[in-house]
Amino acid sequence: MPATIADCERLQTEWNVATALAGGGSAWEDEGLAWAWQPHSDHLMLNFPTSIDAAAAQRGVEFAREHGARIIGAWLSTDVDASPLEAVGFDRGWEPWWMAAGLDLVADGDDPRVSLSADVPEYGPGGQRLLSLTRSEPCSAWHAVARVEGQFAGRAWSLMAGEVAGIYDMDVWPAFQRQGLGRALLRSVCAAARAGGATRAVLNATPDGERLYSAEGFVRLGAGITYWHHLEG
């Protein structure tokens, strides 16, 4: 069965909640608003409400301020009225371009510069806590690292829920871009998820990233909406 936008939203929620809990945070619901507090990154995330209660949105902002959050992010479907968020200080942000692929279409990773890793000395305490996700039993999360001549050059994650895996935090540092590392990272975390039992993968792409993902078998399903409230200062 092909993956859907609903799968994309479900897996993004799984990621937001899993990283919140692994990083020492929390997740809760308030009047239909599902929040995930991520202290490792000082982010509070609102995950795909079907409608937005203005008072509950304001309580989320107050929680963020009380806990020293820098940013509140809201992930929305395109048919949700976001005006209650705008009323409490959110601005519309970038559009997630939801994409999906059957994992049988994504090639195996065989680049020696990329490996699965649960030990990244360069990470601070927050990043180290997130790596605990890779040690769950049965394993449902994988983290790949790219290194070039010993230098940390990029990373990617996959997280599986059921037979669908989400791909997250695909990033190659600027000095190492255009060397095939993004493709190698993607293949590595997809192969790990496939070996773990996933049959499909989903992700959200930027316009630049879409070119890479399309070349690896991913198909664009549609777009979402994000809103952001920056609390610095």
# chains A, B, ... in the order shown; residues from 1 in each chain; ligands from 1

call {"tool": "residues_around", "arguments": {"residues": "Arg70 (chain A)", "least_positions_apart": "3", "cutoff": "8 Å", "atoms": "only C-alpha atoms", "output": "ChimeraX atom specification"}}
result
/A:42-43,64,230-232

call {"tool": "write_last_selection", "arguments": {"atoms": "C-alpha atoms", "output": "PDB file, in the first residue's frame"}}
result
ATOM      1  CA  ASP A  42      14.729  24.499  23.319  1.00  0.00           C
ATOM      2  CA  HIS A  43      11.786  23.838  20.964  1.00  0.00           C
ATOM      3  CA  ALA A  64       7.256  27.754  26.370  1.00  0.00           C
ATOM      4  CA  HIS A 230      10.348  32.924  17.995  1.00  0.00           C
ATOM      5  CA  LEU A 231      10.739  33.696  21.682  1.00  0.00           C
ATOM      6  CA  GLU A 232      14.379  34.810  21.900  1.00  0.00           C
TER       7      GLU A 232
END

call {"tool": "select_by_dssp", "arguments": {"residues": "region 53-101 of chain A", "states": "strand (DSSP E)", "output": "PyMOL selection string"}}
result
chain A and resi 71-76+91-92+97-101

call {"tool": "write_last_selection", "arguments": {"atoms": "N, CA and C atoms", "output": "PDB file, in the first residue's frame"}}
result
ATOM      1  N   ILE A  71      11.938  28.631  20.547  1.00  0.00           N
ATOM      2  CA  ILE A  71      11.072  28.585  19.378  1.00  0.00           C
ATOM      3  C   ILE A  71       9.902  27.636  19.655  1.00  0.00           C
ATOM      4  N   ILE A  72       8.719  28.015  19.182  1.00  0.00           N
ATOM      5  CA  ILE A  72       7.574  27.115  19.146  1.00  0.00           C
ATOM      6  C   ILE A  72       7.264  26.864  17.675  1.00  0.00           C
ATOM      7  N   GLY A  73       7.166  25.602  17.315  1.00  0.00           N
ATOM      8  CA  GLY A  73       6.819  25.241  15.947  1.00  0.00           C
ATOM      9  C   GLY A  73       5.476  24.548  15.904  1.00  0.00           C
ATOM     10  N   ALA A  74       4.690  24.843  14.891  1.00  0.00           N
ATOM     11  CA  ALA A  74       3.396  24.186  14.699  1.00  0.00           C
ATOM     12  C   ALA A  74       3.369  23.548  13.319  1.00  0.00           C
ATOM     13  N   TRP A  75       3.079  22.258  13.280  1.00  0.00           N
ATOM     14  CA  TRP A  75       2.944  21.507  12.032  1.00  0.00           C
ATOM     15  C   TRP A  75       1.465  21.328  11.762  1.00  0.00           C
ATOM     16  N   LEU A  76       1.027  21.711  10.553  1.00  0.00           N
ATOM     17  CA  LEU A  76      -0.394  21.720  10.241  1.00  0.00           C
ATOM     18  C   LEU A  76      -0.671  21.068   8.894  1.00  0.00           C
ATOM     19  N   ASP A  91       3.983  33.180  13.158  1.00  0.00           N
ATOM     20  CA  ASP A  91       4.067  33.590  11.760  1.00  0.00           C
ATOM     21  C   ASP A  91       4.152  32.357  10.877  1.00  0.00           C
ATOM     22  N   ARG A  92       3.562  32.459   9.686  1.00  0.00           N
ATOM     23  CA  ARG A  92       3.626  31.333   8.761  1.00  0.00           C
ATOM     24  C   ARG A  92       5.053  31.113   8.307  1.00  0.00           C
ATOM     25  N   TRP A  97       7.393  19.699   2.033  1.00  0.00           N
ATOM     26  CA  TRP A  97       6.991  18.980   0.828  1.00  0.00           C
ATOM     27  C   TRP A  97       7.054  17.498   1.161  1.00  0.00           C
ATOM     28  N   TRP A  98       5.890  16.899   1.386  1.00  0.00           N
ATOM     29  CA  TRP A  98       5.835  15.505   1.796  1.00  0.00           C
ATOM     30  C   TRP A  98       6.171  14.600   0.625  1.00  0.00           C
ATOM     31  N   MET A  99       7.064  13.636   0.868  1.00  0.00           N
ATOM     32  CA  MET A  99       7.486  12.691  -0.160  1.00  0.00           C
ATOM     33  C   MET A  99       7.505  11.281   0.424  1.00  0.00           C
ATOM     34  N   ALA A 100       7.367  10.287  -0.443  1.00  0.00           N
ATOM     35  CA  ALA A 100       7.345   8.896   0.015  1.00  0.00           C
ATOM     36  C   ALA A 100       7.958   7.999  -1.047  1.00  0.00           C
ATOM     37  N   ALA A 101       8.449   6.845  -0.598  1.00  0.00           N
ATOM     38  CA  ALA A 101       9.021   5.853  -1.513  1.00  0.00           C
ATOM     39  C   ALA A 101       8.836   4.464  -0.921  1.00  0.00           C
TER      40      ALA A 101
END

call {"tool": "select_by_dssp", "arguments": {"residues": "region 19-176 of chain A", "states": "alpha helix (DSSP H)", "output": "ChimeraX atom specification"}}
result
/A:19-22,54-66,83-87,125-130

call {"tool": "write_last_selection", "arguments": {"atoms": "C-alpha atoms", "output": "compact mmCIF listing (two decimals), in the first residue's frame"}}
result
# COMPACT_ATOMS: atom_id res chain seq x y z
CA THR A 19 12.94 13.13 20.45
CA ALA A 20 11.13 15.12 23.14
CA LEU A 21 11.01 12.14 25.50
CA ALA A 22 14.53 10.92 24.71
CA ALA A 54 -7.17 29.78 21.07
CA ALA A 55 -6.94 29.46 24.86
CA ALA A 56 -5.02 26.19 24.59
CA ALA A 57 -2.64 27.77 22.07
CA GLN A 58 -2.01 30.61 24.51
CA ARG A 59 -1.30 28.11 27.28
CA GLY A 60 1.28 26.49 25.03
CA VAL A 61 3.00 29.85 24.54
CA GLU A 62 2.98 30.43 28.29
CA PHE A 63 4.51 26.98 28.90
CA ALA A 64 7.26 27.75 26.37
CA ARG A 65 8.09 31.05 28.02
CA GLU A 66 8.14 29.52 31.50
CA SER A 83 -5.74 32.22 12.72
CA PRO A 84 -5.73 31.30 16.46
CA LEU A 85 -1.96 30.77 16.19
CA GLU A 86 -1.47 34.10 14.44
CA ALA A 87 -3.45 35.75 17.25
CA PRO A 125 24.63 16.35 26.06
CA GLY A 126 21.35 16.90 24.19
CA GLY A 127 22.53 15.05 21.12
CA GLN A 128 23.94 12.23 23.23
CA ARG A 129 20.55 11.76 24.89
CA LEU A 130 18.86 11.47 21.51

call {"tool": "residues_around", "arguments": {"residues": "region 160-176 of chain A", "least_positions_apart": "2", "cutoff": "6 Å", "atoms": "only C-alpha atoms", "output": "mmCIF file with N, CA and C atoms, in the first residue's frame"}}
result
data_model
loop_
_atom_site.group_PDB
_atom_site.id
_atom_site.type_symbol
_atom_site.label_atom_id
_atom_site.label_comp_id
_atom_site.auth_asym_id
_atom_site.auth_seq_id
_atom_site.Cartn_x
_atom_site.Cartn_y
_atom_site.Cartn_z
ATOM 1 N N LEU A 11 4.203 10.086 11.097
ATOM 2 C CA LEU A 11 5.615 9.837 11.389
ATOM 3 C C LEU A 11 6.311 11.087 11.891
ATOM 4 N N SER A 140 14.019 0.524 16.556
ATOM 5 C CA SER A 140 13.117 1.213 15.636
ATOM 6 C C SER A 140 13.678 2.556 15.171
ATOM 7 N N ALA A 153 31.056 15.032 8.974
ATOM 8 C CA ALA A 153 30.645 15.769 7.781
ATOM 9 C C ALA A 153 29.137 15.812 7.576
ATOM 10 N N GLY A 154 28.368 15.001 8.306
ATOM 11 C CA GLY A 154 26.928 15.013 8.119
ATOM 12 C C GLY A 154 26.259 13.905 8.891
ATOM 13 N N ARG A 155 24.908 13.922 8.881
ATOM 14 C CA ARG A 155 24.155 12.930 9.648
ATOM 15 C C ARG A 155 22.772 12.769 9.057
ATOM 16 N N ALA A 156 22.091 11.703 9.442
ATOM 17 C CA ALA A 156 20.693 11.461 9.093
ATOM 18 C C ALA A 156 20.116 10.463 10.088
ATOM 19 N N TRP A 157 18.801 10.523 10.242
ATOM 20 C CA TRP A 157 18.081 9.609 11.125
ATOM 21 C C TRP A 157 16.964 8.914 10.357
ATOM 22 N N SER A 158 16.588 7.728 10.798
ATOM 23 C CA SER A 158 15.307 7.144 10.427
ATOM 24 C C SER A 158 14.649 6.593 11.688
ATOM 25 N N ALA A 198 10.590 -2.156 7.871
ATOM 26 C CA ALA A 198 9.797 -1.133 7.188
ATOM 27 C C ALA A 198 9.729 -1.430 5.696
ATOM 28 N N THR A 199 8.609 -1.117 5.096
ATOM 29 C CA THR A 199 8.438 -1.309 3.652
ATOM 30 C C THR A 199 8.352 0.008 2.902
ATOM 31 N N ARG A 200 8.059 1.110 3.616
ATOM 32 C CA ARG A 200 7.909 2.417 2.993
ATOM 33 C C ARG A 200 8.636 3.454 3.825
ATOM 34 N N ALA A 201 9.028 4.532 3.176
ATOM 35 C CA ALA A 201 9.681 5.637 3.878
ATOM 36 C C ALA A 201 9.010 6.938 3.472
ATOM 37 N N VAL A 202 8.956 7.884 4.416
ATOM 38 C CA VAL A 202 8.398 9.207 4.161
ATOM 39 C C VAL A 202 9.358 10.248 4.703
ATOM 40 N N LEU A 203 9.250 11.466 4.171
ATOM 41 C CA LEU A 203 10.097 12.566 4.623
ATOM 42 C C LEU A 203 9.478 13.877 4.180
#

call {"tool": "residues_around", "arguments": {"residues": "Ala215 (chain A)", "least_positions_apart": "5", "cutoff": "12 Å", "atoms": "only C-alpha atoms", "output": "VMD selection string"}}
result
chain A and resid 101 105 to 107 182 to 183 186 to 187 209 to 210 220

call {"tool": "write_last_selection", "arguments": {"atoms": "C-alpha atoms", "output": "PDB file, in the first residue's frame"}}
result
ATOM      1  CA  ALA A 101       9.021   5.853  -1.513  1.00  0.00           C
ATOM      2  CA  LEU A 105      13.215   1.243  -4.698  1.00  0.00           C
ATOM      3  CA  VAL A 106      15.994   2.818  -2.612  1.00  0.00           C
ATOM      4  CA  ALA A 107      19.466   1.396  -3.238  1.00  0.00           C
ATOM      5  CA  GLY A 182      23.564  13.200   1.156  1.00  0.00           C
ATOM      6  CA  ARG A 183      22.711  10.277  -1.112  1.00  0.00           C
ATOM      7  CA  LEU A 186      19.785   8.606   2.823  1.00  0.00           C
ATOM      8  CA  ARG A 187      20.578   5.130   1.527  1.00  0.00           C
ATOM      9  CA  GLY A 209      16.386  18.343  -1.250  1.00  0.00           C
ATOM     10  CA  GLU A 210      13.567  17.264  -3.542  1.00  0.00           C
ATOM     11  CA  ARG A 220       6.058  14.111  -3.879  1.00  0.00           C
TER      12      ARG A 220
END

call {"tool": "closest_residue", "arguments": {"among": "A:Gly124, A:Gly222, A:Gly109, A:Gly102", "to": "Pro2 (chain A)", "atoms": "only C-alpha atoms"}}
result
A:Gly102

call {"tool": "atom_distance", "arguments": {"atom1": "CA of Ala223 (chain A)", "atom2": "CA of Leu46 (chain A)"}}
result
17.2 Å

call {"tool": "closest_residue", "arguments": {"among": "A:Thr4, A:Thr50, A:Ser41, A:Ser115", "to": "His143 (chain A)", "atoms": "only C-alpha atoms"}}
result
A:Ser115

call {"tool": "closest_residue", "arguments": {"among": "A:Gly89, A:Pro49, A:Gly25, A:Gly217", "to": "Asp104 (chain A)", "atoms": "only C-alpha atoms"}}
result
A:Gly217

call {"tool": "residues_around", "arguments": {"residues": "Gly93 (chain A)", "least_positions_apart": "6", "cutoff": "8 Å", "atoms": "only C-alpha atoms", "output": "list in words"}}
result
Ile225, Thr226, Tyr227 and Trp228 of chain A

call {"tool": "write_last_selection", "arguments": {"atoms": "C-alpha atoms", "output": "mmCIF file, in the first residue's frame"}}
result
data_model
loop_
_atom_site.group_PDB
_atom_site.id
_atom_site.type_symbol
_atom_site.label_atom_id
_atom_site.label_comp_id
_atom_site.auth_asym_id
_atom_site.auth_seq_id
_atom_site.Cartn_x
_atom_site.Cartn_y
_atom_site.Cartn_z
ATOM 1 C CA ILE A 225 2.154 24.174 6.541
ATOM 2 C CA THR A 226 4.361 25.248 9.426
ATOM 3 C CA TYR A 227 3.966 28.200 11.773
ATOM 4 C CA TRP A 228 6.695 29.506 14.083
#

call {"tool": "closest_residue", "arguments": {"among": "A:Ala3, A:Ala27, A:Val17, A:Val80", "to": "Phe48 (chain A)", "atoms": "only C-alpha atoms"}}
result
A:Val80

call {"tool": "residues_around", "arguments": {"residues": "Thr206 (chain A)", "least_positions_apart": "6", "cutoff": "9 Å", "atoms": "only C-alpha atoms", "output": "ChimeraX atom specification"}}
result
/A:94-97

call {"tool": "write_last_selection", "arguments": {"atoms": "N, CA and C atoms", "output": "CSV table (one decimal), in the first residue's frame"}}
result
chain,number,residue,atom,x,y,z
A,94,TRP,N,7.9,27.8,6.5
A,94,TRP,CA,8.1,27.1,5.3
A,94,TRP,C,7.1,26.0,5.1
A,95,GLU,N,6.9,25.5,3.9
A,95,GLU,CA,6.0,24.4,3.6
A,95,GLU,C,6.8,23.1,3.5
A,96,PRO,N,6.4,22.1,4.4
A,96,PRO,CA,7.0,20.8,4.2
A,96,PRO,C,6.5,20.2,2.9
A,97,TRP,N,7.4,19.7,2.0
A,97,TRP,CA,7.0,19.0,0.8
A,97,TRP,C,7.1,17.5,1.2

call {"tool": "closest_residue", "arguments": {"among": "A:Val189, A:Tyr123, A:Gly180, A:Ser136", "to": "Phe152 (chain A)", "atoms": "only C-alpha atoms"}}
result
A:Tyr123

call {"tool": "decode", "arguments": {"residues": "region 92-202 of chain A", "atoms": "C-alpha atoms", "output": "PDB file, in the first residue's frame"}}
result
ATOM      1  CA  ARG A  92       3.626  31.333   8.761  1.00  0.00           C
ATOM      2  CA  GLY A  93       6.830  29.482   7.862  1.00  0.00           C
ATOM      3  CA  TRP A  94       8.104  27.084   5.250  1.00  0.00           C
ATOM      4  CA  GLU A  95       6.029  24.377   3.591  1.00  0.00           C
ATOM      5  CA  PRO A  96       7.010  20.750   4.173  1.00  0.00           C
ATOM      6  CA  TRP A  97       6.991  18.980   0.828  1.00  0.00           C
ATOM      7  CA  TRP A  98       5.835  15.505   1.796  1.00  0.00           C
ATOM      8  CA  MET A  99       7.486  12.691  -0.160  1.00  0.00           C
ATOM      9  CA  ALA A 100       7.345   8.896   0.015  1.00  0.00           C
ATOM     10  CA  ALA A 101       9.021   5.853  -1.513  1.00  0.00           C
ATOM     11  CA  GLY A 102       8.811   2.100  -1.350  1.00  0.00           C
ATOM     12  CA  LEU A 103      11.990   1.001   0.357  1.00  0.00           C
ATOM     13  CA  ASP A 104      12.519  -1.650  -2.290  1.00  0.00           C
ATOM     14  CA  LEU A 105      13.215   1.243  -4.698  1.00  0.00           C
ATOM     15  CA  VAL A 106      15.994   2.818  -2.612  1.00  0.00           C
ATOM     16  CA  ALA A 107      19.466   1.396  -3.238  1.00  0.00           C
ATOM     17  CA  ASP A 108      21.565  -0.061  -0.431  1.00  0.00           C
ATOM     18  CA  GLY A 109      24.142   2.184   1.152  1.00  0.00           C
ATOM     19  CA  ASP A 110      27.712   1.110   0.403  1.00  0.00           C
ATOM     20  CA  ASP A 111      29.701   4.337   0.826  1.00  0.00           C
ATOM     21  CA  PRO A 112      32.603   3.732   3.250  1.00  0.00           C
ATOM     22  CA  ARG A 113      32.378   7.345   4.418  1.00  0.00           C
ATOM     23  CA  VAL A 114      28.963   6.677   6.000  1.00  0.00           C
ATOM     24  CA  SER A 115      28.105   4.287   8.821  1.00  0.00           C
ATOM     25  CA  LEU A 116      25.389   3.723  11.389  1.00  0.00           C
ATOM     26  CA  SER A 117      26.512   5.082  14.732  1.00  0.00           C
ATOM     27  CA  ALA A 118      25.218   5.480  18.272  1.00  0.00           C
ATOM     28  CA  ASP A 119      28.406   7.200  19.440  1.00  0.00           C
ATOM     29  CA  VAL A 120      29.165  10.704  18.178  1.00  0.00           C
ATOM     30  CA  PRO A 121      31.784  12.431  20.352  1.00  0.00           C
ATOM     31  CA  GLU A 122      31.058  15.770  18.690  1.00  0.00           C
ATOM     32  CA  TYR A 123      27.508  15.856  20.064  1.00  0.00           C
ATOM     33  CA  GLY A 124      26.738  17.778  23.221  1.00  0.00           C
ATOM     34  CA  PRO A 125      24.629  16.348  26.058  1.00  0.00           C
ATOM     35  CA  GLY A 126      21.354  16.900  24.194  1.00  0.00           C
ATOM     36  CA  GLY A 127      22.532  15.047  21.118  1.00  0.00           C
ATOM     37  CA  GLN A 128      23.938  12.233  23.225  1.00  0.00           C
ATOM     38  CA  ARG A 129      20.551  11.763  24.891  1.00  0.00           C
ATOM     39  CA  LEU A 130      18.858  11.469  21.512  1.00  0.00           C
ATOM     40  CA  LEU A 131      21.210   8.645  20.553  1.00  0.00           C
ATOM     41  CA  SER A 132      19.465   6.511  23.186  1.00  0.00           C
ATOM     42  CA  LEU A 133      16.709   6.082  20.568  1.00  0.00           C
ATOM     43  CA  THR A 134      19.032   3.799  18.606  1.00  0.00           C
ATOM     44  CA  ARG A 135      19.374   1.455  21.589  1.00  0.00           C
ATOM     45  CA  SER A 136      15.676   0.620  21.984  1.00  0.00           C
ATOM     46  CA  GLU A 137      14.608  -3.031  21.812  1.00  0.00           C
ATOM     47  CA  PRO A 138      13.332  -3.946  19.336  1.00  0.00           C
ATOM     48  CA  CYS A 139      15.280  -1.360  17.414  1.00  0.00           C
ATOM     49  CA  SER A 140      13.117   1.213  15.636  1.00  0.00           C
ATOM     50  CA  ALA A 141      15.534   4.128  15.144  1.00  0.00           C
ATOM     51  CA  TRP A 142      18.823   4.441  13.287  1.00  0.00           C
ATOM     52  CA  HIS A 143      21.393   7.211  13.076  1.00  0.00           C
ATOM     53  CA  ALA A 144      23.967   7.494  10.288  1.00  0.00           C
ATOM     54  CA  VAL A 145      27.105   9.615  10.339  1.00  0.00           C
ATOM     55  CA  ALA A 146      29.298  10.753   7.467  1.00  0.00           C
ATOM     56  CA  ARG A 147      33.010  11.272   8.049  1.00  0.00           C
ATOM     57  CA  VAL A 148      35.587  12.524   5.559  1.00  0.00           C
ATOM     58  CA  GLU A 149      39.203  11.938   6.568  1.00  0.00           C
ATOM     59  CA  GLY A 150      38.036  11.656  10.172  1.00  0.00           C
ATOM     60  CA  GLN A 151      35.997  14.849  10.143  1.00  0.00           C
ATOM     61  CA  PHE A 152      32.310  14.777  11.063  1.00  0.00           C
ATOM     62  CA  ALA A 153      30.645  15.769   7.781  1.00  0.00           C
ATOM     63  CA  GLY A 154      26.928  15.013   8.119  1.00  0.00           C
ATOM     64  CA  ARG A 155      24.155  12.930   9.648  1.00  0.00           C
ATOM     65  CA  ALA A 156      20.693  11.461   9.093  1.00  0.00           C
ATOM     66  CA  TRP A 157      18.081   9.609  11.125  1.00  0.00           C
ATOM     67  CA  SER A 158      15.307   7.144  10.427  1.00  0.00           C
ATOM     68  CA  LEU A 159      12.524   6.177  12.829  1.00  0.00           C
ATOM     69  CA  MET A 160      10.099   3.328  12.154  1.00  0.00           C
ATOM     70  CA  ALA A 161       6.472   3.115  13.299  1.00  0.00           C
ATOM     71  CA  GLY A 162       4.694   0.051  11.974  1.00  0.00           C
ATOM     72  CA  GLU A 163       5.813  -0.609   8.402  1.00  0.00           C
ATOM     73  CA  VAL A 164       6.574   3.046   7.659  1.00  0.00           C
ATOM     74  CA  ALA A 165       9.853   4.791   8.450  1.00  0.00           C
ATOM     75  CA  GLY A 166      10.380   8.522   8.600  1.00  0.00           C
ATOM     76  CA  ILE A 167      13.649  10.146   7.499  1.00  0.00           C
ATOM     77  CA  TYR A 168      14.793  13.113   9.583  1.00  0.00           C
ATOM     78  CA  ASP A 169      17.608  15.625  10.110  1.00  0.00           C
ATOM     79  CA  MET A 170      19.336  14.876   6.816  1.00  0.00           C
ATOM     80  CA  ASP A 171      22.219  17.316   6.859  1.00  0.00           C
ATOM     81  CA  VAL A 172      25.630  17.599   5.230  1.00  0.00           C
ATOM     82  CA  TRP A 173      27.844  20.397   6.476  1.00  0.00           C
ATOM     83  CA  PRO A 174      28.569  23.074   3.825  1.00  0.00           C
ATOM     84  CA  ALA A 175      32.270  22.237   3.425  1.00  0.00           C
ATOM     85  CA  PHE A 176      31.371  18.655   2.429  1.00  0.00           C
ATOM     86  CA  GLN A 177      28.380  19.189   0.173  1.00  0.00           C
ATOM     87  CA  ARG A 178      28.208  18.042  -3.461  1.00  0.00           C
ATOM     88  CA  GLN A 179      30.342  14.991  -2.721  1.00  0.00           C
ATOM     89  CA  GLY A 180      27.557  12.393  -2.707  1.00  0.00           C
ATOM     90  CA  LEU A 181      27.252  12.266   1.078  1.00  0.00           C
ATOM     91  CA  GLY A 182      23.564  13.200   1.156  1.00  0.00           C
ATOM     92  CA  ARG A 183      22.711  10.277  -1.112  1.00  0.00           C
ATOM     93  CA  ALA A 184      24.884   7.935   0.958  1.00  0.00           C
ATOM     94  CA  LEU A 185      23.283   9.040   4.238  1.00  0.00           C
ATOM     95  CA  LEU A 186      19.785   8.606   2.823  1.00  0.00           C
ATOM     96  CA  ARG A 187      20.578   5.130   1.527  1.00  0.00           C
ATOM     97  CA  SER A 188      22.135   4.119   4.836  1.00  0.00           C
ATOM     98  CA  VAL A 189      19.157   5.022   7.046  1.00  0.00           C
ATOM     99  CA  CYS A 190      16.685   3.644   4.486  1.00  0.00           C
ATOM    100  CA  ALA A 191      18.556   0.333   4.335  1.00  0.00           C
ATOM    101  CA  ALA A 192      18.579   0.124   8.134  1.00  0.00           C
ATOM    102  CA  ALA A 193      14.827   0.741   8.303  1.00  0.00           C
ATOM    103  CA  ARG A 194      14.205  -1.837   5.573  1.00  0.00           C
ATOM    104  CA  ALA A 195      16.244  -4.409   7.494  1.00  0.00           C
ATOM    105  CA  GLY A 196      14.195  -3.518  10.573  1.00  0.00           C
ATOM    106  CA  GLY A 197      10.951  -4.392   8.780  1.00  0.00           C
ATOM    107  CA  ALA A 198       9.797  -1.133   7.188  1.00  0.00           C
ATOM    108  CA  THR A 199       8.438  -1.309   3.652  1.00  0.00           C
ATOM    109  CA  ARG A 200       7.909   2.417   2.993  1.00  0.00           C
ATOM    110  CA  ALA A 201       9.681   5.637   3.878  1.00  0.00           C
ATOM    111  CA  VAL A 202       8.398   9.207   4.161  1.00  0.00           C
TER     112      VAL A 202
END
